[in-house]
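Chemist: Take a look at this one; I'll ask things after.
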Amino acid sequence: MMNNTLKNHLCKLPSGYVIVGKWHKHSYKIIKPLGKGANGVVYLAESPKGLVAVKLSDNSTAITSEVNVLKHFSKVQGVALGPSLLDVDDWFDPYGKKIVCFYVMEYIKGEDFLAFIQKRGKEWIVVLILQLLSDLEKLHQEGWVFGDLKPENLLVVGQAPKIRLLDVGGTTLKGRAIKEFTEFYDRGYWGMGSRKAEPSYDLFSVAMIMMNACYLKRFEKKGNGREQLMKMIDADETLRKYRKVLMRAIAGKYDHAREMHHELMAVVMDESSRTKTNSRANQSRKGAVQQRYQKRKKHSGILETALIVMFLLFMYVMYLYGELL
Amino acid sequence: MRKGTLKQILLITDGCSNHGEDPVAMAALAREQGITVNVIGVLDKDTIDESGLREIEGIAMSGGGVSQVVYAKQLSQTVQMVTRKAMTQTLQGVINRELKQILGSDVTMEDLPPEKRGEVMEVVDELGETVELEVLILVDTSGSMKTKLPTVKEALFDLSLSLNARIGDNHFAVFVFPGKRGDVEKILDWTPKLEALSTVFPKLTSGGLTPTGPALREALTYFKKKRSLRSLISGDEQYFEESSM
Ligand SMILES: Nc1ncnc2c1ncn2[C@@H]1O[C@H](COP(=O)(O)OP(=O)(O)OP(=O)(O)O)[C@@H](O)[C@H]1O
Ligand SMILES: [Mg+2]
């Protein structure tokens with residue numbers, strides 16, 4: 001049986017409980033669960049080296065292939081493509097009376113992608129997506145495709161918010177068949193292409209993450225996938241601005257993440273410069289862009305705020321752009 | 001290591017058989033011939049009854065395969081997961097046997113230190129990606145399944161999409177039971193693409209009997225015929241005989 005075979009007690013280890021590895025004898029003191037998914041459960045734990053995340057699963061196959069991916073990533077110097085891998089071991093589970101595999105990774109203290117956007121505003125979508133595209137470009141260059149790209153596998157970390165990738169369960173060598181996917185973000189489900197691991201597979205998911213971020217929900221496919229997605233893009237004010245880029249990503253027109261990054265950036269820059277001239281030319285008119293900020297602004301000076309935000313966004317984007325080159 | 005062909009039967013049903021041989025026995029027979037039997041139980045909204053569930057699990061267990069009970073809606077994801085999982089399981093069985101040969105004792109993957117396990121896994125992954133796969137799909141079209149057939153069709157397209165992303169070749173055949181005349185009826189002959197199914201599936205008429213056992217038995221002969229014909233030409237041995245997991 002392969003349904004939720006993960007035994008219930010594995011998800012309910014009490015805080016303070018200590019897990020000791022069978023092979024390497026390192027011990028990890030459970031603090032709290034961080035989350036659970038189809039393949040396992042992840043705990044925050046304390047080790048002599050500090051806070052870590054421990055992923056437990058009774059599916060040794062899944063754990064082993066995730067470890068393989070993380071090992072490859074740790075060889076990529078200087079770039080964090082996933083959490084760094086700290087330890088791999090087995091633990092004898094005294095309740096289930098059997099061996100449970102686990103691996104220990106860097107604890108990534110961050111905020112849920114969608115929650116972050118809801119809290120901080122939609123202008124963050126494009127910023128985070130640009131960061132994501134830069135990371136994907138590196139990952140693809142290393143010969144991998146992330147596969148199961150979705151908001152749940154993204155965290156936003158730090159004071160200068162930066163996106164981080166989690167859960168390499170779907171990460172597949174280029175040219176092979178995608179190992180794990182989630183329907184909404186899968187181009188195969190939408191009838192928009194194969195499940196072969198190639199960069200354009202991830203870029204489709206990126207477009208769907210943007211949809212998800214704007215609508216804050218997933219929706220089912222009804223009839224012609226392409227037409228439905230096109231309509232959904234046109235119906236949303238934010239998505240409409242990136243229409244061209246989104247449609248190209250959905251159609252699999254980008255062979256590299258950097259191309260999508262480049263074109264998305266171009267739209268953002270274009271948008272910023274247009275807003276500037278518009279507001280100068282017609283001070284009293286309320287543009288669509290300015291209206292978006294109205295809700296968050298209690299007093300006067302709507303325009304001023306909009307301009308400052310646009311300027312900051314512009315600067316941030318320029319900074320990112322500079323870093324990428 | 002020589003590459004053989006992985007052979008699987010994927011049985012899609014929603015309940016109890018009521019005609020002919022015990023399907024659990026037929027699944028055991030399949031396993032003896034090196035064919036893995038996987039079962040997917042499809043539910044509507046209500047839960048499945050005990051005996052139906054026991055049969056589904058029993059068939060998969062004695063057929064050396066994987067079983068899963070799902071609501072019609074989740075069928076697509078499940079069909080491809082079950083197939084992939086069964087492939088890995090079978091391949092791991094093969095690798096475990098190889099390990100025993102090399103290391104002599106009763107060694108399985110879990111007995112290896114985690115560092116070594118990774119290397120073995122890479123071999124399993126590699127094989128899973130490149131091995132030739134034959135899947136005979138056996139669909140229960142008895143009365144209660146009728147409303148679920150469009151979903152089944154969609155799930156099979158999806159399976160084709162997933163498996164055809166692999167490097168290795170795939171061969172699919174689709175049978176339904178009960179058939180118009182006999183216990184089982186072929187609706188799609190061995191083909192690399194399940195898309196050909198679109199024209200055939202909607203024409204089905206559903207009957208009252210559910211001859212799961214006889215359908216499985218007949219499905220086996222279909223593999224065999226193909227096998228002997230092919231082995232006459234290529235003379236290749238059956239590498240993946242059983243799944244010992
Ligand atoms: N290194 C980490 N640092 C912080 N939180 C983490 C870490 N790894 C995982 N998590 C949390 O645990 C959750 C589940 O982890 P993960 O996605 O790896 O499990 P899974 O079983 O593979 O899930 P899925 O169903 O997505 O495949 C994540 O969504 C995330 O919230
Ligand atoms: Mg996962």
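Residues are named by chain letter and number: chains run A, B, ... in the order of the structure tokens, numbers start at 1 in each chain, and ligands are numbered from 1 in the order shown.
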May I ask you to extract the residues of chain B within 6 Å of chain A, using only C-alpha atoms, and to give them as JSON, numbers by chain?

Modeler: {"B": [66, 67, 118, 162, 165, 166]}

Chemist: Could you list, as a list in words, every residue within 10 Å of A:Ile233, counting only C-alpha atoms and ignoring same-chain residues fewer than 2 positions away?

Modeler: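 What passes the distance filter is Met210, Met211, Cys214, Tyr215, Glu227, Gln228, Leu229, Met230, Lys231, Ala235, Asp236, Glu237, Thr238, Leu239, Arg240, Lys241, Tyr242, Arg243, Lys244, Leu246 and Met247 of chain A.
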
Chemist: Please dump the current selection as a CSV table (one decimal), in the first residue's frame; keep N, CA, C and O atoms.

Modeler:
```
chain,number,residue,atom,x,y,z
A,210,MET,N,2.6,32.5,-10.2
A,210,MET,CA,2.1,33.9,-10.3
A,210,MET,C,0.6,33.9,-10.3
A,210,MET,O,0.0,34.8,-9.6
A,211,MET,N,0.0,33.0,-11.0
A,211,MET,CA,-1.5,33.0,-11.0
A,211,MET,C,-2.0,32.7,-9.6
A,211,MET,O,-2.9,33.4,-9.2
A,214,CYS,N,-1.8,35.7,-7.3
A,214,CYS,CA,-2.8,36.7,-7.6
A,214,CYS,C,-4.2,36.3,-7.2
A,214,CYS,O,-4.9,37.1,-6.6
A,215,TYR,N,-4.5,35.1,-7.5
A,215,TYR,CA,-5.9,34.6,-7.2
A,215,TYR,C,-6.0,34.1,-5.8
A,215,TYR,O,-7.1,33.9,-5.3
A,227,GLU,N,-6.8,28.3,-23.3
A,227,GLU,CA,-7.8,29.4,-23.3
A,227,GLU,C,-8.2,29.8,-21.9
A,227,GLU,O,-8.4,30.9,-21.6
A,228,GLN,N,-8.4,28.8,-21.0
A,228,GLN,CA,-8.9,29.0,-19.7
A,228,GLN,C,-7.8,29.9,-19.0
A,228,GLN,O,-8.1,30.9,-18.3
A,229,LEU,N,-6.5,29.5,-19.1
A,229,LEU,CA,-5.5,30.2,-18.4
A,229,LEU,C,-5.4,31.7,-19.0
A,229,LEU,O,-5.2,32.6,-18.2
A,230,MET,N,-5.6,31.8,-20.3
A,230,MET,CA,-5.5,33.1,-20.9
A,230,MET,C,-6.6,34.0,-20.3
A,230,MET,O,-6.3,35.2,-20.0
A,231,LYS,N,-7.8,33.4,-20.2
A,231,LYS,CA,-8.9,34.2,-19.6
A,231,LYS,C,-8.6,34.6,-18.2
A,231,LYS,O,-8.8,35.8,-17.8
A,235,ALA,N,-8.3,38.5,-16.7
A,235,ALA,CA,-9.3,38.9,-15.7
A,235,ALA,C,-8.6,39.5,-14.5
A,235,ALA,O,-9.3,40.0,-13.6
A,236,ASP,N,-7.3,39.4,-14.3
A,236,ASP,CA,-6.7,39.9,-13.2
A,236,ASP,C,-5.7,41.1,-13.5
A,236,ASP,O,-4.9,41.0,-14.4
A,237,GLU,N,-5.9,42.2,-12.8
A,237,GLU,CA,-5.2,43.4,-13.1
A,237,GLU,C,-3.7,43.2,-13.0
A,237,GLU,O,-2.9,43.7,-13.9
A,238,THR,N,-3.2,42.5,-12.0
A,238,THR,CA,-1.7,42.3,-11.9
A,238,THR,C,-1.2,41.4,-13.0
A,238,THR,O,-0.2,41.7,-13.7
A,239,LEU,N,-1.9,40.3,-13.2
A,239,LEU,CA,-1.4,39.3,-14.2
A,239,LEU,C,-1.5,39.9,-15.6
A,239,LEU,O,-0.6,39.6,-16.4
A,240,ARG,N,-2.5,40.8,-15.9
A,240,ARG,CA,-2.6,41.4,-17.2
A,240,ARG,C,-1.3,42.1,-17.6
A,240,ARG,O,-1.0,42.1,-18.8
A,241,LYS,N,-0.7,42.7,-16.7
A,241,LYS,CA,0.5,43.5,-17.0
A,241,LYS,C,1.6,42.6,-17.5
A,241,LYS,O,2.4,43.0,-18.3
A,242,TYR,N,1.6,41.3,-17.0
A,242,TYR,CA,2.7,40.4,-17.4
A,242,TYR,C,2.2,39.4,-18.4
A,242,TYR,O,2.8,38.4,-18.7
A,243,ARG,N,1.1,39.7,-19.1
A,243,ARG,CA,0.4,38.8,-20.0
A,243,ARG,C,1.4,38.1,-21.0
A,243,ARG,O,1.4,36.9,-21.1
A,244,LYS,N,2.2,39.0,-21.6
A,244,LYS,CA,3.0,38.5,-22.7
A,244,LYS,C,4.0,37.4,-22.2
A,244,LYS,O,4.1,36.3,-22.7
A,246,LEU,N,3.8,35.7,-19.3
A,246,LEU,CA,3.1,34.6,-18.8
A,246,LEU,C,2.6,33.6,-19.9
A,246,LEU,O,2.8,32.4,-19.8
A,247,MET,N,2.1,34.2,-21.0
A,247,MET,CA,1.6,33.4,-22.0
A,247,MET,C,2.8,32.6,-22.7
A,247,MET,O,2.7,31.5,-23.1
```

Chemist: Taking only stretch 14-108 of chain B into account, list the residues labelled helix (DSSP H, G or I) by DSSP (computed from the backbone), as a ChimeraX atom specification.

Modeler: /B:23-32,50-62,72-103

Chemist: Please identify the strand (DSSP E) residues within stretch 128-302 of chain A (assignment by DSSP from backbone atoms) and present them as a PyMOL selection string.

Modeler: chain A and resi 144-145+154-157+162-165+172-173

Chemist: Could the residues in this selection be saved with C-alpha atoms as a PDB file, in the first residue's frame?

Modeler:
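That gives us out18.pdb:
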```
ATOM      1  CA  TRP A 144      18.629  19.664 -12.935  1.00  0.00           C
ATOM      2  CA  VAL A 145      14.988  20.585 -13.184  1.00  0.00           C
ATOM      3  CA  LEU A 154       9.073  28.237  -1.381  1.00  0.00           C
ATOM      4  CA  LEU A 155      10.051  30.204   1.705  1.00  0.00           C
ATOM      5  CA  VAL A 156      10.812  33.907   1.959  1.00  0.00           C
ATOM      6  CA  VAL A 157      13.779  34.508   4.225  1.00  0.00           C
ATOM      7  CA  LYS A 162      14.938  36.456  -0.501  1.00  0.00           C
ATOM      8  CA  ILE A 163      13.204  33.402  -1.862  1.00  0.00           C
ATOM      9  CA  ARG A 164      14.501  29.914  -0.999  1.00  0.00           C
ATOM     10  CA  LEU A 165      13.654  26.555  -2.527  1.00  0.00           C
ATOM     11  CA  THR A 172      15.002  15.436 -11.668  1.00  0.00           C
ATOM     12  CA  LEU A 173      18.012  15.180 -13.958  1.00  0.00           C
TER      13      LEU A 173
END
```

Chemist: Let me see if you get this right: every residue at most 7 Å from ligand 2, counting only C-alpha atoms and all ligand atoms, written as a short mmCIF file (atom, residue, chain, number, x, y, z; two decimals) with C-alpha atoms, in the first residue's frame.

Modeler:
```
data_model
loop_
_atom_site.label_atom_id
_atom_site.label_comp_id
_atom_site.auth_asym_id
_atom_site.auth_seq_id
_atom_site.Cartn_x
_atom_site.Cartn_y
_atom_site.Cartn_z
CA GLY A 37 3.79 16.17 3.08
CA ALA A 38 3.20 13.12 0.99
CA ASN A 39 6.63 11.70 1.66
CA ASP A 167 11.75 20.00 -0.86
CA VAL A 168 13.80 18.54 -3.64
CA GLY A 169 11.53 15.49 -3.85
CA GLY A 170 10.62 16.32 -7.44
#
```

Chemist: Taking only C-alpha atoms and all ligand atoms into account, which residues are within 6 Å of ligand 1, as a PDB file with N, CA, C and O atoms, in the first residue's frame?

Modeler:
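Full text of part.pdb as output:
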```pdb
ATOM      1  N   LEU A  34       7.627  21.076  11.593  1.00  0.00           N
ATOM      2  CA  LEU A  34       7.641  22.218  10.670  1.00  0.00           C
ATOM      3  C   LEU A  34       6.622  22.028   9.555  1.00  0.00           C
ATOM      4  O   LEU A  34       6.159  22.973   8.940  1.00  0.00           O
ATOM      5  N   GLY A  35       6.303  20.792   9.289  1.00  0.00           N
ATOM      6  CA  GLY A  35       5.339  20.535   8.222  1.00  0.00           C
ATOM      7  C   GLY A  35       5.390  19.081   7.830  1.00  0.00           C
ATOM      8  O   GLY A  35       6.314  18.355   8.171  1.00  0.00           O
ATOM      9  N   LYS A  36       4.347  18.691   7.105  1.00  0.00           N
ATOM     10  CA  LYS A  36       4.396  17.324   6.612  1.00  0.00           C
ATOM     11  C   LYS A  36       3.797  17.255   5.213  1.00  0.00           C
ATOM     12  O   LYS A  36       2.986  18.102   4.827  1.00  0.00           O
ATOM     13  N   GLY A  37       4.253  16.293   4.462  1.00  0.00           N
ATOM     14  CA  GLY A  37       3.789  16.174   3.081  1.00  0.00           C
ATOM     15  C   GLY A  37       3.550  14.734   2.738  1.00  0.00           C
ATOM     16  O   GLY A  37       3.417  13.884   3.618  1.00  0.00           O
ATOM     17  N   ALA A  38       3.507  14.463   1.452  1.00  0.00           N
ATOM     18  CA  ALA A  38       3.195  13.119   0.986  1.00  0.00           C
ATOM     19  C   ALA A  38       4.291  12.130   1.368  1.00  0.00           C
ATOM     20  O   ALA A  38       4.027  10.951   1.578  1.00  0.00           O
ATOM     21  N   ASN A  39       5.507  12.625   1.467  1.00  0.00           N
ATOM     22  CA  ASN A  39       6.632  11.703   1.656  1.00  0.00           C
ATOM     23  C   ASN A  39       7.173  11.590   3.054  1.00  0.00           C
ATOM     24  O   ASN A  39       7.957  10.697   3.337  1.00  0.00           O
ATOM     25  N   GLY A  40       6.817  12.526   3.908  1.00  0.00           N
ATOM     26  CA  GLY A  40       7.421  12.457   5.217  1.00  0.00           C
ATOM     27  C   GLY A  40       7.005  13.614   6.090  1.00  0.00           C
ATOM     28  O   GLY A  40       6.110  14.377   5.750  1.00  0.00           O
ATOM     29  N   VAL A  41       7.683  13.705   7.221  1.00  0.00           N
ATOM     30  CA  VAL A  41       7.385  14.775   8.150  1.00  0.00           C
ATOM     31  C   VAL A  41       8.701  15.466   8.492  1.00  0.00           C
ATOM     32  O   VAL A  41       9.752  14.828   8.550  1.00  0.00           O
ATOM     33  N   VAL A  42       8.648  16.792   8.615  1.00  0.00           N
ATOM     34  CA  VAL A  42       9.852  17.565   8.883  1.00  0.00           C
ATOM     35  C   VAL A  42       9.738  18.217  10.257  1.00  0.00           C
ATOM     36  O   VAL A  42       8.730  18.855  10.561  1.00  0.00           O
ATOM     37  N   ALA A  53      16.721  21.113  10.557  1.00  0.00           N
ATOM     38  CA  ALA A  53      15.450  20.513  10.158  1.00  0.00           C
ATOM     39  C   ALA A  53      15.708  19.040   9.869  1.00  0.00           C
ATOM     40  O   ALA A  53      16.666  18.694   9.183  1.00  0.00           O
ATOM     41  N   PRO A  83      18.119  23.521   0.801  1.00  0.00           N
ATOM     42  CA  PRO A  83      18.742  23.522   2.121  1.00  0.00           C
ATOM     43  C   PRO A  83      20.016  22.670   2.062  1.00  0.00           C
ATOM     44  O   PRO A  83      20.048  21.671   1.339  1.00  0.00           O
ATOM     45  N   MET A 105      18.956  18.609   7.616  1.00  0.00           N
ATOM     46  CA  MET A 105      19.349  19.694   6.715  1.00  0.00           C
ATOM     47  C   MET A 105      19.323  21.023   7.456  1.00  0.00           C
ATOM     48  O   MET A 105      18.835  21.106   8.582  1.00  0.00           O
ATOM     49  N   GLU A 106      19.861  21.997   6.821  1.00  0.00           N
ATOM     50  CA  GLU A 106      19.841  23.365   7.314  1.00  0.00           C
ATOM     51  C   GLU A 106      18.388  23.766   7.591  1.00  0.00           C
ATOM     52  O   GLU A 106      17.509  23.495   6.780  1.00  0.00           O
ATOM     53  N   TYR A 107      18.155  24.395   8.738  1.00  0.00           N
ATOM     54  CA  TYR A 107      16.820  24.907   9.028  1.00  0.00           C
ATOM     55  C   TYR A 107      16.662  26.258   8.352  1.00  0.00           C
ATOM     56  O   TYR A 107      17.446  27.176   8.584  1.00  0.00           O
ATOM     57  N   ILE A 108      15.676  26.361   7.507  1.00  0.00           N
ATOM     58  CA  ILE A 108      15.441  27.630   6.821  1.00  0.00           C
ATOM     59  C   ILE A 108      14.298  28.341   7.504  1.00  0.00           C
ATOM     60  O   ILE A 108      13.150  27.909   7.443  1.00  0.00           O
ATOM     61  N   LYS A 109      14.655  29.427   8.213  1.00  0.00           N
ATOM     62  CA  LYS A 109      13.654  30.143   8.975  1.00  0.00           C
ATOM     63  C   LYS A 109      13.057  31.206   8.070  1.00  0.00           C
ATOM     64  O   LYS A 109      13.723  32.185   7.728  1.00  0.00           O
ATOM     65  N   GLU A 152       4.139  26.008  -1.680  1.00  0.00           N
ATOM     66  CA  GLU A 152       4.485  25.291  -0.451  1.00  0.00           C
ATOM     67  C   GLU A 152       5.965  24.969  -0.375  1.00  0.00           C
ATOM     68  O   GLU A 152       6.498  24.710   0.698  1.00  0.00           O
ATOM     69  N   ASN A 153       6.611  24.921  -1.534  1.00  0.00           N
ATOM     70  CA  ASN A 153       8.029  24.581  -1.543  1.00  0.00           C
ATOM     71  C   ASN A 153       8.913  25.823  -1.636  1.00  0.00           C
ATOM     72  O   ASN A 153      10.092  25.724  -1.954  1.00  0.00           O
ATOM     73  N   LEU A 166      12.660  24.753  -1.292  1.00  0.00           N
ATOM     74  CA  LEU A 166      12.607  23.647  -0.328  1.00  0.00           C
ATOM     75  C   LEU A 166      12.162  22.394  -1.046  1.00  0.00           C
ATOM     76  O   LEU A 166      11.619  22.460  -2.129  1.00  0.00           O
ATOM     77  N   ASP A 167      12.322  21.262  -0.393  1.00  0.00           N
ATOM     78  CA  ASP A 167      11.747  19.998  -0.855  1.00  0.00           C
ATOM     79  C   ASP A 167      12.160  19.617  -2.273  1.00  0.00           C
ATOM     80  O   ASP A 167      11.477  19.907  -3.249  1.00  0.00           O
ATOM     81  N   GLY A 169      12.137  16.786  -3.516  1.00  0.00           N
ATOM     82  CA  GLY A 169      11.527  15.493  -3.854  1.00  0.00           C
ATOM     83  C   GLY A 169      11.227  15.326  -5.340  1.00  0.00           C
ATOM     84  O   GLY A 169      11.220  14.220  -5.850  1.00  0.00           O
TER      85      GLY A 169
END
```

Chemist: Would you mind listing what lies within 7 Å of B:Ala173 as JSON, numbers by chain, with only C-alpha atoms counted and same-chain residues fewer than 3 positions away left out?

Modeler: {"B": [135, 136, 137, 188, 189, 190, 191]}

Chemist: Report as a PyMOL selection string all protein, DNA and RNA residues lying within 9 Å of A:Phe73, evaluated on only C-alpha atoms, omitting residues in the same chain fewer than 4 positions from it.

Modeler: chain A and resi 68-69+77+79-85+139+142

Chemist: Store the residues of this selection in a file with all heavy atoms, as an mmCIF file, in the first residue's frame.

Modeler:
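Result saved to result_8.cif:
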```
data_model
loop_
_atom_site.group_PDB
_atom_site.id
_atom_site.type_symbol
_atom_site.label_atom_id
_atom_site.label_comp_id
_atom_site.auth_asym_id
_atom_site.auth_seq_id
_atom_site.Cartn_x
_atom_site.Cartn_y
_atom_site.Cartn_z
ATOM 1 N N ASN A 68 20.312 12.221 -2.485
ATOM 2 C CA ASN A 68 21.163 12.267 -3.675
ATOM 3 C C ASN A 68 21.150 13.648 -4.316
ATOM 4 O O ASN A 68 22.188 14.180 -4.680
ATOM 5 C CB ASN A 68 20.691 11.238 -4.701
ATOM 6 C CG ASN A 68 21.359 9.893 -4.498
ATOM 7 O OD1 ASN A 68 22.312 9.780 -3.724
ATOM 8 N ND2 ASN A 68 20.865 8.876 -5.170
ATOM 9 N N VAL A 69 19.962 14.209 -4.436
ATOM 10 C CA VAL A 69 19.843 15.530 -5.048
ATOM 11 C C VAL A 69 20.549 16.577 -4.185
ATOM 12 O O VAL A 69 21.346 17.375 -4.679
ATOM 13 C CB VAL A 69 18.364 15.915 -5.239
ATOM 14 C CG1 VAL A 69 18.256 17.342 -5.733
ATOM 15 C CG2 VAL A 69 17.687 14.962 -6.206
ATOM 16 N N GLN A 77 29.242 25.371 -5.406
ATOM 17 C CA GLN A 77 29.811 26.296 -4.432
ATOM 18 C C GLN A 77 29.120 27.652 -4.444
ATOM 19 O O GLN A 77 28.836 28.202 -5.492
ATOM 20 C CB GLN A 77 31.296 26.480 -4.734
ATOM 21 C CG GLN A 77 32.125 25.238 -4.463
ATOM 22 C CD GLN A 77 32.671 25.212 -3.057
ATOM 23 O OE1 GLN A 77 33.300 26.164 -2.634
ATOM 24 N NE2 GLN A 77 32.406 24.145 -2.326
ATOM 25 N N VAL A 79 26.267 28.896 -4.031
ATOM 26 C CA VAL A 79 24.857 29.161 -4.282
ATOM 27 C C VAL A 79 23.993 28.170 -3.515
ATOM 28 O O VAL A 79 24.260 26.971 -3.521
ATOM 29 C CB VAL A 79 24.480 29.059 -5.780
ATOM 30 C CG1 VAL A 79 24.381 30.427 -6.385
ATOM 31 C CG2 VAL A 79 25.461 28.196 -6.539
ATOM 32 N N ALA A 80 22.980 28.690 -2.892
ATOM 33 C CA ALA A 80 22.092 27.823 -2.128
ATOM 34 C C ALA A 80 20.899 27.446 -2.992
ATOM 35 O O ALA A 80 19.975 28.220 -3.168
ATOM 36 C CB ALA A 80 21.642 28.535 -0.870
ATOM 37 N N LEU A 81 20.943 26.259 -3.562
ATOM 38 C CA LEU A 81 19.840 25.842 -4.421
ATOM 39 C C LEU A 81 18.778 25.074 -3.644
ATOM 40 O O LEU A 81 17.678 24.874 -4.104
ATOM 41 C CB LEU A 81 20.377 24.997 -5.575
ATOM 42 C CG LEU A 81 21.287 25.751 -6.536
ATOM 43 C CD1 LEU A 81 21.797 24.857 -7.633
ATOM 44 C CD2 LEU A 81 20.561 26.943 -7.140
ATOM 45 N N GLY A 82 19.136 24.633 -2.485
ATOM 46 C CA GLY A 82 18.175 23.976 -1.596
ATOM 47 C C GLY A 82 18.777 24.067 -0.217
ATOM 48 O O GLY A 82 19.851 24.642 -0.061
ATOM 49 N N PRO A 83 18.119 23.521 0.801
ATOM 50 C CA PRO A 83 18.742 23.522 2.121
ATOM 51 C C PRO A 83 20.016 22.670 2.062
ATOM 52 O O PRO A 83 20.048 21.671 1.339
ATOM 53 C CB PRO A 83 17.702 22.841 3.019
ATOM 54 C CG PRO A 83 16.523 22.547 2.176
ATOM 55 C CD PRO A 83 16.848 22.811 0.749
ATOM 56 N N SER A 84 21.066 23.062 2.778
ATOM 57 C CA SER A 84 22.270 22.238 2.714
ATOM 58 C C SER A 84 22.101 20.997 3.578
ATOM 59 O O SER A 84 21.436 21.011 4.604
ATOM 60 C CB SER A 84 23.498 23.045 3.120
ATOM 61 O OG SER A 84 23.293 23.618 4.378
ATOM 62 N N LEU A 85 22.704 19.915 3.125
ATOM 63 C CA LEU A 85 22.542 18.600 3.756
ATOM 64 C C LEU A 85 23.573 18.435 4.865
ATOM 65 O O LEU A 85 24.747 18.696 4.672
ATOM 66 C CB LEU A 85 22.735 17.524 2.692
ATOM 67 C CG LEU A 85 22.601 16.084 3.141
ATOM 68 C CD1 LEU A 85 21.159 15.780 3.508
ATOM 69 C CD2 LEU A 85 23.062 15.137 2.043
ATOM 70 N N LEU A 139 20.169 26.384 -11.184
ATOM 71 C CA LEU A 139 19.803 24.972 -11.029
ATOM 72 C C LEU A 139 19.782 24.249 -12.381
ATOM 73 O O LEU A 139 20.298 23.147 -12.520
ATOM 74 C CB LEU A 139 18.435 24.916 -10.351
ATOM 75 C CG LEU A 139 17.925 23.581 -9.874
ATOM 76 C CD1 LEU A 139 17.641 23.666 -8.385
ATOM 77 C CD2 LEU A 139 16.636 23.200 -10.564
ATOM 78 N N GLU A 142 23.132 23.534 -13.709
ATOM 79 C CA GLU A 142 23.747 22.368 -13.072
ATOM 80 C C GLU A 142 23.210 21.054 -13.634
ATOM 81 O O GLU A 142 23.615 19.980 -13.205
ATOM 82 C CB GLU A 142 23.514 22.399 -11.558
ATOM 83 C CG GLU A 142 24.261 23.492 -10.832
ATOM 84 C CD GLU A 142 25.758 23.394 -11.074
ATOM 85 O OE1 GLU A 142 26.294 22.289 -10.988
ATOM 86 O OE2 GLU A 142 26.361 24.446 -11.378
#
```

Chemist: Just want the 9 Å neighbourhood of B:Glu21, counted on only C-alpha atoms, with same-chain residues fewer than 5 positions away dropped. Output as a ChimeraX atom specification.

Modeler: /B:26,211-214,217

Chemist: Name the residues in contact with B:Ala25 at a cut-off of 12 Å, using only C-alpha atoms, excluding same-chain residues fewer than 4 positions from it; report them as a ChimeraX atom specification.

Modeler: /B:20-21,29-32,37,55,58-63,212-214,216-217

Chemist: Can you pull out the residues contacting A:Val127? Cut-off 9 Å, using only C-alpha atoms, and skip same-chain residues under 4 positions away; I want them as a PDB file with C-alpha atoms, in the first residue's frame.

Modeler:
```
ATOM      1  CA  GLU A 123       4.259  44.297  -5.686  1.00  0.00           C
ATOM      2  CA  GLN A 131      14.711  35.976  -7.643  1.00  0.00           C
ATOM      3  CA  LEU A 132      13.221  32.545  -8.222  1.00  0.00           C
ATOM      4  CA  LEU A 313      10.925  48.515  -6.634  1.00  0.00           C
ATOM      5  CA  TYR A 316      15.573  46.707  -6.158  1.00  0.00           C
ATOM      6  CA  VAL A 317      15.088  45.363  -9.608  1.00  0.00           C
ATOM      7  CA  LEU A 320      18.972  42.286  -8.805  1.00  0.00           C
TER       8      LEU A 320
END
```

Chemist: Could you state the separation of atom CA of A:Val20 and atom CA of B:Met121 in Å, given to one decimal place?

Modeler: 23.9 Å

Chemist: My list of candidates is A:Leu128, A:Leu86, A:Ala160, A:Leu70. Which is closest to A:Lys49 when distances are computed with only C-alpha atoms?

Modeler: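 That would be A:Leu86, the residue with the smallest distance to A:Lys49.
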
Chemist: What separation in Å, quoted to one decimal, exists between atom CA of B:His19 and atom CA of B:Leu138?

Modeler: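 Separation between atom CA of B:His19 and atom CA of B:Leu138: 15.9 Å.
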
Chemist: Just how far from atom CA of B:Ile56 is atom CA of B:Glu218, in Å to one decimal?

Modeler: 18.4 Å
